[in-house]
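Colleague: Before we start, here is the structure in question, set down as structure tokens.
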4 protein chains.
Amino acid sequence: MKQVLKIEKEVLIRFNEVDSMGIVWHGHYVTYFEDAREEFGRVYDLDYLTIVKHGYYVPLVNIDFSFKSPLTYGDRAIVEITYLPCETAKILFSYRILSVDKKSVIATGSSTQVFLDRSMDLVLYTPDFYLQWQKLHHV
Amino acid sequence: MKQVLKIEKEVLIRFNEVDSMGIVWHGHYVTYFEDAREEFGRVYDLDYLTIVKHGYYVPLVNIDFSFKSPLTYGDRAIVEITYLPCETAKILFSYRILSVDKKSVIATGSSTQVFLDRSMDLVLYTPDFYLQWQKLHHV
Amino acid sequence: MKQVLKIEKEVLIRFNEVDSMGIVWHGHYVTYFEDAREEFGRVYDLDYLTIVKHGYYVPLVNIDFSFKSPLTYGDRAIVEITYLPCETAKILFSYRILSVDKKSVIATGSSTQVFLDRSMDLVLYTPDFYLQWQKLHHV
Amino acid sequence: MKQVLKIEKEVLIRFNEVDSMGIVWHGHYVTYFEDAREEFGRVYDLDYLTIVKHGYYVPLVNIDFSFKSPLTYGDRAIVEITYLPCETAKILFSYRILSVDKKSVIATGSSTQVFLDRSMDLVLYTPDFYLQWQKLHHV
């Protein structure tokens, strides 16, 4: 049976992430989503250095974010990241940023990563190590 | 007759925008797109300060970017931004980042902005100043 | 008797903070030092919002950082921030970034902040709330 | 006779560089100074890629900045960078940020870079290519 792989990571909004309107500048959400993706990698053994060790890079090729409600300086929020199973040689995640009480949605998003080999060429097959990772985690 | 409003802005890739893979980190594209959007505002009198003067903020509520080919340190590229006409109270842009010879596409994207009033409440009608701006520019 | 006010904050180096040499770009240290300064503010009731509530801003007017040894992706390090007592209307801190085992020094630094009033004018006297804060903390 | 090597680079303050006080966050000055240093490198053939080609890295080991007067969104300013001759194996620069009319000083600073070889070890002698560069430019 398929598992849903999902983790949550708390972020604390820094002074330098807030713009002159007093709210977080949208570009910083890219970092919040990356923080959650890196934490996911550490928890589920799919981190950047493990992937590099297997001979691959996994650059982002698409990001799509929507902002529902603003964050301000000193706010805490929960970034929830969910692994999306996919038949092709891609790594897909969806994201939700929630208020700490989880009662409201602050932002949603998704990202797509592809595999490049050591010569930075696109890999069209799913790498072995990633097939094994999928099997191990029932996704 | 409707006009297509479009400008181009050159960017030069900084040392600190390149990651350990030797390519531009995807988060910096948000800034390249914003640089083009700000330049568009200056050229077509739709800049942030003009909008604030009319009593509105126009935060981004959606961004969607795709990366086709990497940029590296010292590269120059063209960011092309196109205004997308829209019947509702939104500001839509599409983006393309092109190699300087314009022969290859490096990234594409789009953004959506909404209007907030001075109390940071969402404005559902199209503000007068923006209707006039649209008329003036035949969009 | 005077107290030494000092706290430590752990940082985890993000992928996007590492440059093409594989080490943290020096500009990110400004953020690590600010993270420690904000944590100090939360611990000792001298945070940005408290200061603003009393009618002041405390922008940085000087920073001085030295880098002894590099940090790389995935490293954890300790940022140690120490409050430096000062007779004039300034807030002074010194900083050390240490390896997690505290056996080596990665960077050192200092910062100076001044007081501005609500009109953004420089305040030459030490504000009352800050004198009281100093008394309360024996510094 | 010794020459003074100096260039000027204009910067335009971006929306995302301004904080909730409405002024440029101090951390962005590191980037303005780096922009000037990179421009200096392009003008005087001492750019990062040339240095790497000769087998060296030149990380910053010290920065020291003072902020005299704030910059706000949309401001233009001049970053002036001056090469400081030095007998040891270091690259020293001083910086001034001036208002566009050059009548007021916004910030000053200095930076020190050292030479690392390809194994990232500190180089205590002045590299040949750099001695030749100094001779060529009479510094």
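Residue numbering restarts at 1 in every chain; chains get A, B, ... in the order shown in the structure tokens, and ligands count up from 1 in that same order.
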I need the chain D residues near chain B as a ChimeraX atom specification; criterion: at most 9 Å, counting only C-alpha atoms.
Modeller: /D:14-16,31,34-35,38,48-49,73-74
Colleague: Those same residues - N, CA and C atoms - I'd like them written as a compact mmCIF listing (two decimals), in the first residue's frame.
Modeller:
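Contents of selection_18.txt, freshly written:
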```txt
# COMPACT_ATOMS: atom_id res chain seq x y z
N ARG D 14 16.24 48.47 -5.20
CA ARG D 14 15.09 47.62 -5.50
C ARG D 14 14.06 47.62 -4.37
N PHE D 15 12.83 47.34 -4.75
CA PHE D 15 11.76 47.21 -3.75
C PHE D 15 12.13 46.20 -2.67
N ASN D 16 12.69 45.06 -3.08
CA ASN D 16 12.92 44.00 -2.10
C ASN D 16 14.17 44.23 -1.24
N THR D 31 26.13 43.45 -0.96
CA THR D 31 25.94 43.21 -2.40
C THR D 31 26.33 44.44 -3.22
N GLU D 34 29.95 44.44 -3.42
CA GLU D 34 30.40 43.36 -4.31
C GLU D 34 30.14 43.72 -5.78
N ASP D 35 29.00 44.36 -6.06
CA ASP D 35 28.73 44.80 -7.44
C ASP D 35 29.86 45.71 -7.93
N GLU D 38 33.08 43.69 -8.47
CA GLU D 38 33.03 42.90 -9.70
C GLU D 38 33.21 43.80 -10.94
N TYR D 48 36.89 37.65 -11.08
CA TYR D 48 36.88 36.33 -10.45
C TYR D 48 37.34 35.23 -11.40
N LEU D 49 36.82 35.21 -12.63
CA LEU D 49 37.15 34.11 -13.53
C LEU D 49 38.61 34.15 -13.97
N TYR D 73 13.64 53.12 -1.34
CA TYR D 73 13.22 52.51 -2.60
C TYR D 73 13.25 53.51 -3.77
N GLY D 74 13.85 53.10 -4.86
CA GLY D 74 13.88 53.93 -6.05
C GLY D 74 15.06 54.88 -6.10
```
Colleague: Enumerate, as a PDB file with all heavy atoms, in the first residue's frame, the complete set of residues in region 7-129 of chain A that a backbone-based DSSP assignment places in alpha helix (DSSP H).
Modeller:
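Contents of result_34.pdb, freshly written:
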```pdb
ATOM      1  N   HIS A  28      10.873  35.453  -0.578  1.00  0.00           N
ATOM      2  CA  HIS A  28      11.386  34.654   0.544  1.00  0.00           C
ATOM      3  C   HIS A  28      10.656  33.331   0.702  1.00  0.00           C
ATOM      4  O   HIS A  28      11.176  32.403   1.309  1.00  0.00           O
ATOM      5  CB  HIS A  28      11.335  35.462   1.845  1.00  0.00           C
ATOM      6  CG  HIS A  28      12.251  36.643   1.817  1.00  0.00           C
ATOM      7  ND1 HIS A  28      13.605  36.517   1.660  1.00  0.00           N
ATOM      8  CD2 HIS A  28      12.011  37.969   1.890  1.00  0.00           C
ATOM      9  CE1 HIS A  28      14.161  37.719   1.647  1.00  0.00           C
ATOM     10  NE2 HIS A  28      13.214  38.620   1.773  1.00  0.00           N
ATOM     11  N   TYR A  29       9.437  33.243   0.144  1.00  0.00           N
ATOM     12  CA  TYR A  29       8.718  31.976   0.221  1.00  0.00           C
ATOM     13  C   TYR A  29       9.484  30.864  -0.492  1.00  0.00           C
ATOM     14  O   TYR A  29       9.394  29.697  -0.104  1.00  0.00           O
ATOM     15  CB  TYR A  29       7.309  32.112  -0.377  1.00  0.00           C
ATOM     16  CG  TYR A  29       6.366  32.875   0.519  1.00  0.00           C
ATOM     17  CD1 TYR A  29       6.348  34.263   0.541  1.00  0.00           C
ATOM     18  CD2 TYR A  29       5.501  32.204   1.375  1.00  0.00           C
ATOM     19  CE1 TYR A  29       5.489  34.966   1.378  1.00  0.00           C
ATOM     20  CE2 TYR A  29       4.635  32.893   2.209  1.00  0.00           C
ATOM     21  CZ  TYR A  29       4.637  34.272   2.213  1.00  0.00           C
ATOM     22  OH  TYR A  29       3.797  34.952   3.048  1.00  0.00           O
ATOM     23  N   VAL A  30      10.233  31.217  -1.517  1.00  0.00           N
ATOM     24  CA  VAL A  30      11.050  30.213  -2.208  1.00  0.00           C
ATOM     25  C   VAL A  30      12.014  29.560  -1.215  1.00  0.00           C
ATOM     26  O   VAL A  30      12.221  28.343  -1.239  1.00  0.00           O
ATOM     27  CB  VAL A  30      11.828  30.853  -3.380  1.00  0.00           C
ATOM     28  CG1 VAL A  30      12.649  29.800  -4.109  1.00  0.00           C
ATOM     29  CG2 VAL A  30      10.883  31.560  -4.344  1.00  0.00           C
ATOM     30  N   THR A  31      12.556  30.366  -0.310  1.00  0.00           N
ATOM     31  CA  THR A  31      13.457  29.835   0.718  1.00  0.00           C
ATOM     32  C   THR A  31      12.697  28.999   1.749  1.00  0.00           C
ATOM     33  O   THR A  31      13.168  27.943   2.168  1.00  0.00           O
ATOM     34  CB  THR A  31      14.213  30.993   1.404  1.00  0.00           C
ATOM     35  OG1 THR A  31      14.929  31.707   0.408  1.00  0.00           O
ATOM     36  CG2 THR A  31      15.205  30.468   2.433  1.00  0.00           C
ATOM     37  N   TYR A  32      11.517  29.448   2.148  1.00  0.00           N
ATOM     38  CA  TYR A  32      10.747  28.664   3.128  1.00  0.00           C
ATOM     39  C   TYR A  32      10.424  27.280   2.551  1.00  0.00           C
ATOM     40  O   TYR A  32      10.516  26.267   3.237  1.00  0.00           O
ATOM     41  CB  TYR A  32       9.430  29.350   3.522  1.00  0.00           C
ATOM     42  CG  TYR A  32       9.570  30.756   4.055  1.00  0.00           C
ATOM     43  CD1 TYR A  32       8.528  31.667   3.958  1.00  0.00           C
ATOM     44  CD2 TYR A  32      10.751  31.184   4.666  1.00  0.00           C
ATOM     45  CE1 TYR A  32       8.638  32.959   4.449  1.00  0.00           C
ATOM     46  CE2 TYR A  32      10.866  32.479   5.154  1.00  0.00           C
ATOM     47  CZ  TYR A  32       9.809  33.360   5.038  1.00  0.00           C
ATOM     48  OH  TYR A  32       9.920  34.643   5.516  1.00  0.00           O
ATOM     49  N   PHE A  33      10.031  27.261   1.262  1.00  0.00           N
ATOM     50  CA  PHE A  33       9.719  25.974   0.637  1.00  0.00           C
ATOM     51  C   PHE A  33      10.992  25.127   0.533  1.00  0.00           C
ATOM     52  O   PHE A  33      10.958  23.923   0.763  1.00  0.00           O
ATOM     53  CB  PHE A  33       9.062  26.190  -0.735  1.00  0.00           C
ATOM     54  CG  PHE A  33       7.650  26.751  -0.653  1.00  0.00           C
ATOM     55  CD1 PHE A  33       7.281  27.900  -1.347  1.00  0.00           C
ATOM     56  CD2 PHE A  33       6.684  26.105   0.111  1.00  0.00           C
ATOM     57  CE1 PHE A  33       5.981  28.405  -1.261  1.00  0.00           C
ATOM     58  CE2 PHE A  33       5.377  26.602   0.200  1.00  0.00           C
ATOM     59  CZ  PHE A  33       5.026  27.755  -0.490  1.00  0.00           C
ATOM     60  N   GLU A  34      12.113  25.771   0.228  1.00  0.00           N
ATOM     61  CA  GLU A  34      13.373  25.016   0.150  1.00  0.00           C
ATOM     62  C   GLU A  34      13.787  24.487   1.522  1.00  0.00           C
ATOM     63  O   GLU A  34      14.293  23.370   1.636  1.00  0.00           O
ATOM     64  CB  GLU A  34      14.489  25.877  -0.455  1.00  0.00           C
ATOM     65  CG  GLU A  34      15.807  25.114  -0.587  1.00  0.00           C
ATOM     66  CD  GLU A  34      16.732  25.676  -1.649  1.00  0.00           C
ATOM     67  OE1 GLU A  34      16.356  25.661  -2.844  1.00  0.00           O
ATOM     68  OE2 GLU A  34      17.836  26.131  -1.310  1.00  0.00           O
ATOM     69  N   ASP A  35      13.580  25.290   2.562  1.00  0.00           N
ATOM     70  CA  ASP A  35      13.885  24.815   3.927  1.00  0.00           C
ATOM     71  C   ASP A  35      13.111  23.531   4.229  1.00  0.00           C
ATOM     72  O   ASP A  35      13.657  22.582   4.793  1.00  0.00           O
ATOM     73  CB  ASP A  35      13.496  25.878   4.967  1.00  0.00           C
ATOM     74  CG  ASP A  35      14.501  27.022   5.018  1.00  0.00           C
ATOM     75  OD1 ASP A  35      15.564  26.926   4.367  1.00  0.00           O
ATOM     76  OD2 ASP A  35      14.216  28.031   5.703  1.00  0.00           O
ATOM     77  N   ALA A  36      11.832  23.515   3.846  1.00  0.00           N
ATOM     78  CA  ALA A  36      11.004  22.327   4.103  1.00  0.00           C
ATOM     79  C   ALA A  36      11.493  21.159   3.248  1.00  0.00           C
ATOM     80  O   ALA A  36      11.561  20.014   3.711  1.00  0.00           O
ATOM     81  CB  ALA A  36       9.531  22.632   3.799  1.00  0.00           C
ATOM     82  N   ARG A  37      11.866  21.446   2.006  1.00  0.00           N
ATOM     83  CA  ARG A  37      12.333  20.375   1.103  1.00  0.00           C
ATOM     84  C   ARG A  37      13.647  19.778   1.620  1.00  0.00           C
ATOM     85  O   ARG A  37      13.845  18.571   1.567  1.00  0.00           O
ATOM     86  CB  ARG A  37      12.509  20.956  -0.304  1.00  0.00           C
ATOM     87  CG  ARG A  37      12.570  19.919  -1.402  1.00  0.00           C
ATOM     88  CD  ARG A  37      12.450  20.572  -2.770  1.00  0.00           C
ATOM     89  NE  ARG A  37      13.455  21.577  -3.001  1.00  0.00           N
ATOM     90  CZ  ARG A  37      13.214  22.888  -3.164  1.00  0.00           C
ATOM     91  NH1 ARG A  37      11.998  23.349  -3.136  1.00  0.00           N
ATOM     92  NH2 ARG A  37      14.216  23.725  -3.361  1.00  0.00           N
ATOM     93  N   GLU A  38      14.516  20.629   2.140  1.00  0.00           N
ATOM     94  CA  GLU A  38      15.779  20.122   2.690  1.00  0.00           C
ATOM     95  C   GLU A  38      15.521  19.295   3.949  1.00  0.00           C
ATOM     96  O   GLU A  38      16.159  18.264   4.163  1.00  0.00           O
ATOM     97  CB  GLU A  38      16.727  21.281   2.994  1.00  0.00           C
ATOM     98  CG  GLU A  38      17.135  22.017   1.732  1.00  0.00           C
ATOM     99  CD  GLU A  38      18.496  22.680   1.849  1.00  0.00           C
ATOM    100  OE1 GLU A  38      19.052  22.752   2.962  1.00  0.00           O
ATOM    101  OE2 GLU A  38      19.019  23.107   0.811  1.00  0.00           O
ATOM    102  N   GLU A  39      14.596  19.743   4.776  1.00  0.00           N
ATOM    103  CA  GLU A  39      14.251  18.980   5.980  1.00  0.00           C
ATOM    104  C   GLU A  39      13.651  17.622   5.582  1.00  0.00           C
ATOM    105  O   GLU A  39      14.000  16.597   6.174  1.00  0.00           O
ATOM    106  CB  GLU A  39      13.237  19.788   6.824  1.00  0.00           C
ATOM    107  CG  GLU A  39      12.867  19.135   8.129  1.00  0.00           C
ATOM    108  CD  GLU A  39      13.968  19.211   9.190  1.00  0.00           C
ATOM    109  OE1 GLU A  39      14.974  19.917   8.960  1.00  0.00           O
ATOM    110  OE2 GLU A  39      13.811  18.545  10.231  1.00  0.00           O
ATOM    111  N   PHE A  40      12.802  17.633   4.567  1.00  0.00           N
ATOM    112  CA  PHE A  40      12.252  16.374   4.049  1.00  0.00           C
ATOM    113  C   PHE A  40      13.389  15.441   3.634  1.00  0.00           C
ATOM    114  O   PHE A  40      13.392  14.250   3.956  1.00  0.00           O
ATOM    115  CB  PHE A  40      11.343  16.657   2.846  1.00  0.00           C
ATOM    116  CG  PHE A  40      10.697  15.433   2.264  1.00  0.00           C
ATOM    117  CD1 PHE A  40       9.403  15.078   2.632  1.00  0.00           C
ATOM    118  CD2 PHE A  40      11.371  14.616   1.363  1.00  0.00           C
ATOM    119  CE1 PHE A  40       8.798  13.931   2.109  1.00  0.00           C
ATOM    120  CE2 PHE A  40      10.778  13.471   0.838  1.00  0.00           C
ATOM    121  CZ  PHE A  40       9.495  13.131   1.207  1.00  0.00           C
ATOM    122  N   GLY A  41      14.371  15.997   2.932  1.00  0.00           N
ATOM    123  CA  GLY A  41      15.514  15.206   2.477  1.00  0.00           C
ATOM    124  C   GLY A  41      16.282  14.582   3.635  1.00  0.00           C
ATOM    125  O   GLY A  41      16.678  13.413   3.581  1.00  0.00           O
ATOM    126  N   ARG A  42      16.455  15.369   4.699  1.00  0.00           N
ATOM    127  CA  ARG A  42      17.179  14.845   5.871  1.00  0.00           C
ATOM    128  C   ARG A  42      16.385  13.735   6.562  1.00  0.00           C
ATOM    129  O   ARG A  42      16.943  12.732   6.973  1.00  0.00           O
ATOM    130  CB  ARG A  42      17.480  15.980   6.865  1.00  0.00           C
ATOM    131  CG  ARG A  42      18.685  16.826   6.456  1.00  0.00           C
ATOM    132  CD  ARG A  42      19.066  17.837   7.542  1.00  0.00           C
ATOM    133  NE  ARG A  42      18.048  18.865   7.697  1.00  0.00           N
ATOM    134  CZ  ARG A  42      18.025  20.028   7.053  1.00  0.00           C
ATOM    135  NH1 ARG A  42      18.989  20.338   6.198  1.00  0.00           N
ATOM    136  NH2 ARG A  42      17.067  20.901   7.255  1.00  0.00           N
ATOM    137  N   VAL A  43      15.063  13.926   6.658  1.00  0.00           N
ATOM    138  CA  VAL A  43      14.219  12.949   7.357  1.00  0.00           C
ATOM    139  C   VAL A  43      14.099  11.656   6.551  1.00  0.00           C
ATOM    140  O   VAL A  43      14.167  10.553   7.098  1.00  0.00           O
ATOM    141  CB  VAL A  43      12.814  13.551   7.632  1.00  0.00           C
ATOM    142  CG1 VAL A  43      11.837  12.478   8.104  1.00  0.00           C
ATOM    143  CG2 VAL A  43      12.917  14.696   8.631  1.00  0.00           C
ATOM    144  N   TYR A  48      20.255  16.492  -0.649  1.00  0.00           N
ATOM    145  CA  TYR A  48      21.105  16.922  -1.748  1.00  0.00           C
ATOM    146  C   TYR A  48      22.417  16.133  -1.809  1.00  0.00           C
ATOM    147  O   TYR A  48      22.806  15.639  -2.868  1.00  0.00           O
ATOM    148  CB  TYR A  48      21.383  18.421  -1.580  1.00  0.00           C
ATOM    149  CG  TYR A  48      22.316  18.993  -2.604  1.00  0.00           C
ATOM    150  CD1 TYR A  48      21.888  19.213  -3.910  1.00  0.00           C
ATOM    151  CD2 TYR A  48      23.632  19.293  -2.275  1.00  0.00           C
ATOM    152  CE1 TYR A  48      22.745  19.735  -4.850  1.00  0.00           C
ATOM    153  CE2 TYR A  48      24.503  19.812  -3.217  1.00  0.00           C
ATOM    154  CZ  TYR A  48      24.064  20.036  -4.503  1.00  0.00           C
ATOM    155  OH  TYR A  48      24.916  20.534  -5.435  1.00  0.00           O
ATOM    156  N   LEU A  49      23.099  15.985  -0.667  1.00  0.00           N
ATOM    157  CA  LEU A  49      24.418  15.334  -0.690  1.00  0.00           C
ATOM    158  C   LEU A  49      24.306  13.842  -1.014  1.00  0.00           C
ATOM    159  O   LEU A  49      25.163  13.290  -1.716  1.00  0.00           O
ATOM    160  CB  LEU A  49      25.144  15.561   0.642  1.00  0.00           C
ATOM    161  CG  LEU A  49      25.511  17.031   0.917  1.00  0.00           C
ATOM    162  CD1 LEU A  49      26.153  17.188   2.299  1.00  0.00           C
ATOM    163  CD2 LEU A  49      26.431  17.604  -0.159  1.00  0.00           C
ATOM    164  N   THR A  50      23.240  13.182  -0.556  1.00  0.00           N
ATOM    165  CA  THR A  50      23.000  11.779  -0.900  1.00  0.00           C
ATOM    166  C   THR A  50      22.794  11.636  -2.408  1.00  0.00           C
ATOM    167  O   THR A  50      23.346  10.732  -3.046  1.00  0.00           O
ATOM    168  CB  THR A  50      21.748  11.255  -0.146  1.00  0.00           C
ATOM    169  OG1 THR A  50      22.021  11.324   1.260  1.00  0.00           O
ATOM    170  CG2 THR A  50      21.393   9.834  -0.550  1.00  0.00           C
ATOM    171  N   ILE A  51      22.006  12.550  -2.964  1.00  0.00           N
ATOM    172  CA  ILE A  51      21.731  12.510  -4.407  1.00  0.00           C
ATOM    173  C   ILE A  51      23.012  12.751  -5.203  1.00  0.00           C
ATOM    174  O   ILE A  51      23.311  12.040  -6.170  1.00  0.00           O
ATOM    175  CB  ILE A  51      20.630  13.545  -4.757  1.00  0.00           C
ATOM    176  CG1 ILE A  51      19.294  13.122  -4.129  1.00  0.00           C
ATOM    177  CG2 ILE A  51      20.491  13.713  -6.267  1.00  0.00           C
ATOM    178  CD1 ILE A  51      18.197  14.181  -4.185  1.00  0.00           C
ATOM    179  N   VAL A  52      23.809  13.726  -4.777  1.00  0.00           N
ATOM    180  CA  VAL A  52      25.089  14.015  -5.452  1.00  0.00           C
ATOM    181  C   VAL A  52      26.007  12.795  -5.373  1.00  0.00           C
ATOM    182  O   VAL A  52      26.674  12.431  -6.343  1.00  0.00           O
ATOM    183  CB  VAL A  52      25.765  15.258  -4.819  1.00  0.00           C
ATOM    184  CG1 VAL A  52      27.234  15.375  -5.236  1.00  0.00           C
ATOM    185  CG2 VAL A  52      25.012  16.535  -5.208  1.00  0.00           C
ATOM    186  N   LYS A  53      26.023  12.129  -4.228  1.00  0.00           N
ATOM    187  CA  LYS A  53      26.865  10.927  -4.029  1.00  0.00           C
ATOM    188  C   LYS A  53      26.499   9.843  -5.043  1.00  0.00           C
ATOM    189  O   LYS A  53      27.350   9.079  -5.496  1.00  0.00           O
ATOM    190  CB  LYS A  53      26.656  10.407  -2.597  1.00  0.00           C
ATOM    191  CG  LYS A  53      27.816   9.617  -2.028  1.00  0.00           C
ATOM    192  CD  LYS A  53      27.448   9.108  -0.637  1.00  0.00           C
ATOM    193  CE  LYS A  53      26.262   8.146  -0.701  1.00  0.00           C
ATOM    194  NZ  LYS A  53      25.642   7.917   0.613  1.00  0.00           N
ATOM    195  N   ASP A 128      18.417   4.354 -10.736  1.00  0.00           N
ATOM    196  CA  ASP A 128      18.272   3.178  -9.876  1.00  0.00           C
ATOM    197  C   ASP A 128      18.114   3.515  -8.396  1.00  0.00           C
ATOM    198  O   ASP A 128      17.221   2.988  -7.726  1.00  0.00           O
ATOM    199  CB  ASP A 128      19.509   2.283 -10.036  1.00  0.00           C
ATOM    200  CG  ASP A 128      19.242   1.175 -11.035  1.00  0.00           C
ATOM    201  OD1 ASP A 128      18.128   1.142 -11.616  1.00  0.00           O
ATOM    202  OD2 ASP A 128      20.151   0.358 -11.247  1.00  0.00           O
ATOM    203  N   PHE A 129      18.978   4.409  -7.921  1.00  0.00           N
ATOM    204  CA  PHE A 129      18.951   4.708  -6.490  1.00  0.00           C
ATOM    205  C   PHE A 129      17.583   5.306  -6.097  1.00  0.00           C
ATOM    206  O   PHE A 129      17.089   5.078  -4.998  1.00  0.00           O
ATOM    207  CB  PHE A 129      20.087   5.662  -6.102  1.00  0.00           C
ATOM    208  CG  PHE A 129      19.731   7.108  -6.182  1.00  0.00           C
ATOM    209  CD1 PHE A 129      19.259   7.792  -5.056  1.00  0.00           C
ATOM    210  CD2 PHE A 129      19.815   7.808  -7.378  1.00  0.00           C
ATOM    211  CE1 PHE A 129      18.906   9.134  -5.130  1.00  0.00           C
ATOM    212  CE2 PHE A 129      19.465   9.134  -7.463  1.00  0.00           C
ATOM    213  CZ  PHE A 129      19.005   9.807  -6.333  1.00  0.00           C
TER     214      PHE A 129
END
```
Colleague: Assign secondary structure with DSSP using the backbone only, and return the residues of chain D in strand (DSSP E) as JSON, numbers by chain.
Modeller: {"D": [6, 7, 8, 9, 10, 11, 12, 60, 61, 62, 63, 64, 65, 66, 67, 76, 77, 78, 79, 80, 81, 82, 83, 84, 90, 91, 92, 93, 94, 95, 96, 97, 98, 99, 105, 106, 107, 108, 109, 110, 111, 112, 113, 114]}
Colleague: Give me the residues near Ser111 (chain C) as number ranges by chain, where near means some atom within 12 Å (using only C-alpha atoms) and where sequence neighbours in that chain fewer than 5 positions away do not count.
Modeller: C: 30, 33-34, 36-37, 58-65, 81-84, 90-96; D: 26, 63-67
Colleague: Show me, as a ChimeraX atom specification, the residues that have an atom within 12 Å of Ile106 (chain B) when counting only C-alpha atoms, minus same-chain residues fewer than 2 positions from it.
Modeller: /A:61 /B:24,26,29,65-72,75-80,95-104,108-109
Colleague: Do you have the CA of Ala89 (chain D)-CA of Val4 (chain D) distance handy?
Modeller: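 CA of Ala89 (chain D) sits 18.8 Å away from CA of Val4 (chain D).
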Colleague: For CA of Asp19 (chain B) and CA of Leu12 (chain C), determine how far apart the two atoms are, in Å to one decimal place.
Modeller: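 So the answer is 16.6 Å.
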Colleague: Between CA of Glu17 (chain D) and CA of Val18 (chain A), what is the distance in Å, rounded to a tenth?
Modeller: 9.7 Å
Colleague: Pick the closest to Leu116 (chain D) from D:Leu46, D:Leu5, D:Gly27, D:Gly55: which is it, counting only C-alpha atoms?
Modeller: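 Answer, going by the shortest atom-to-atom distance: D:Gly55.
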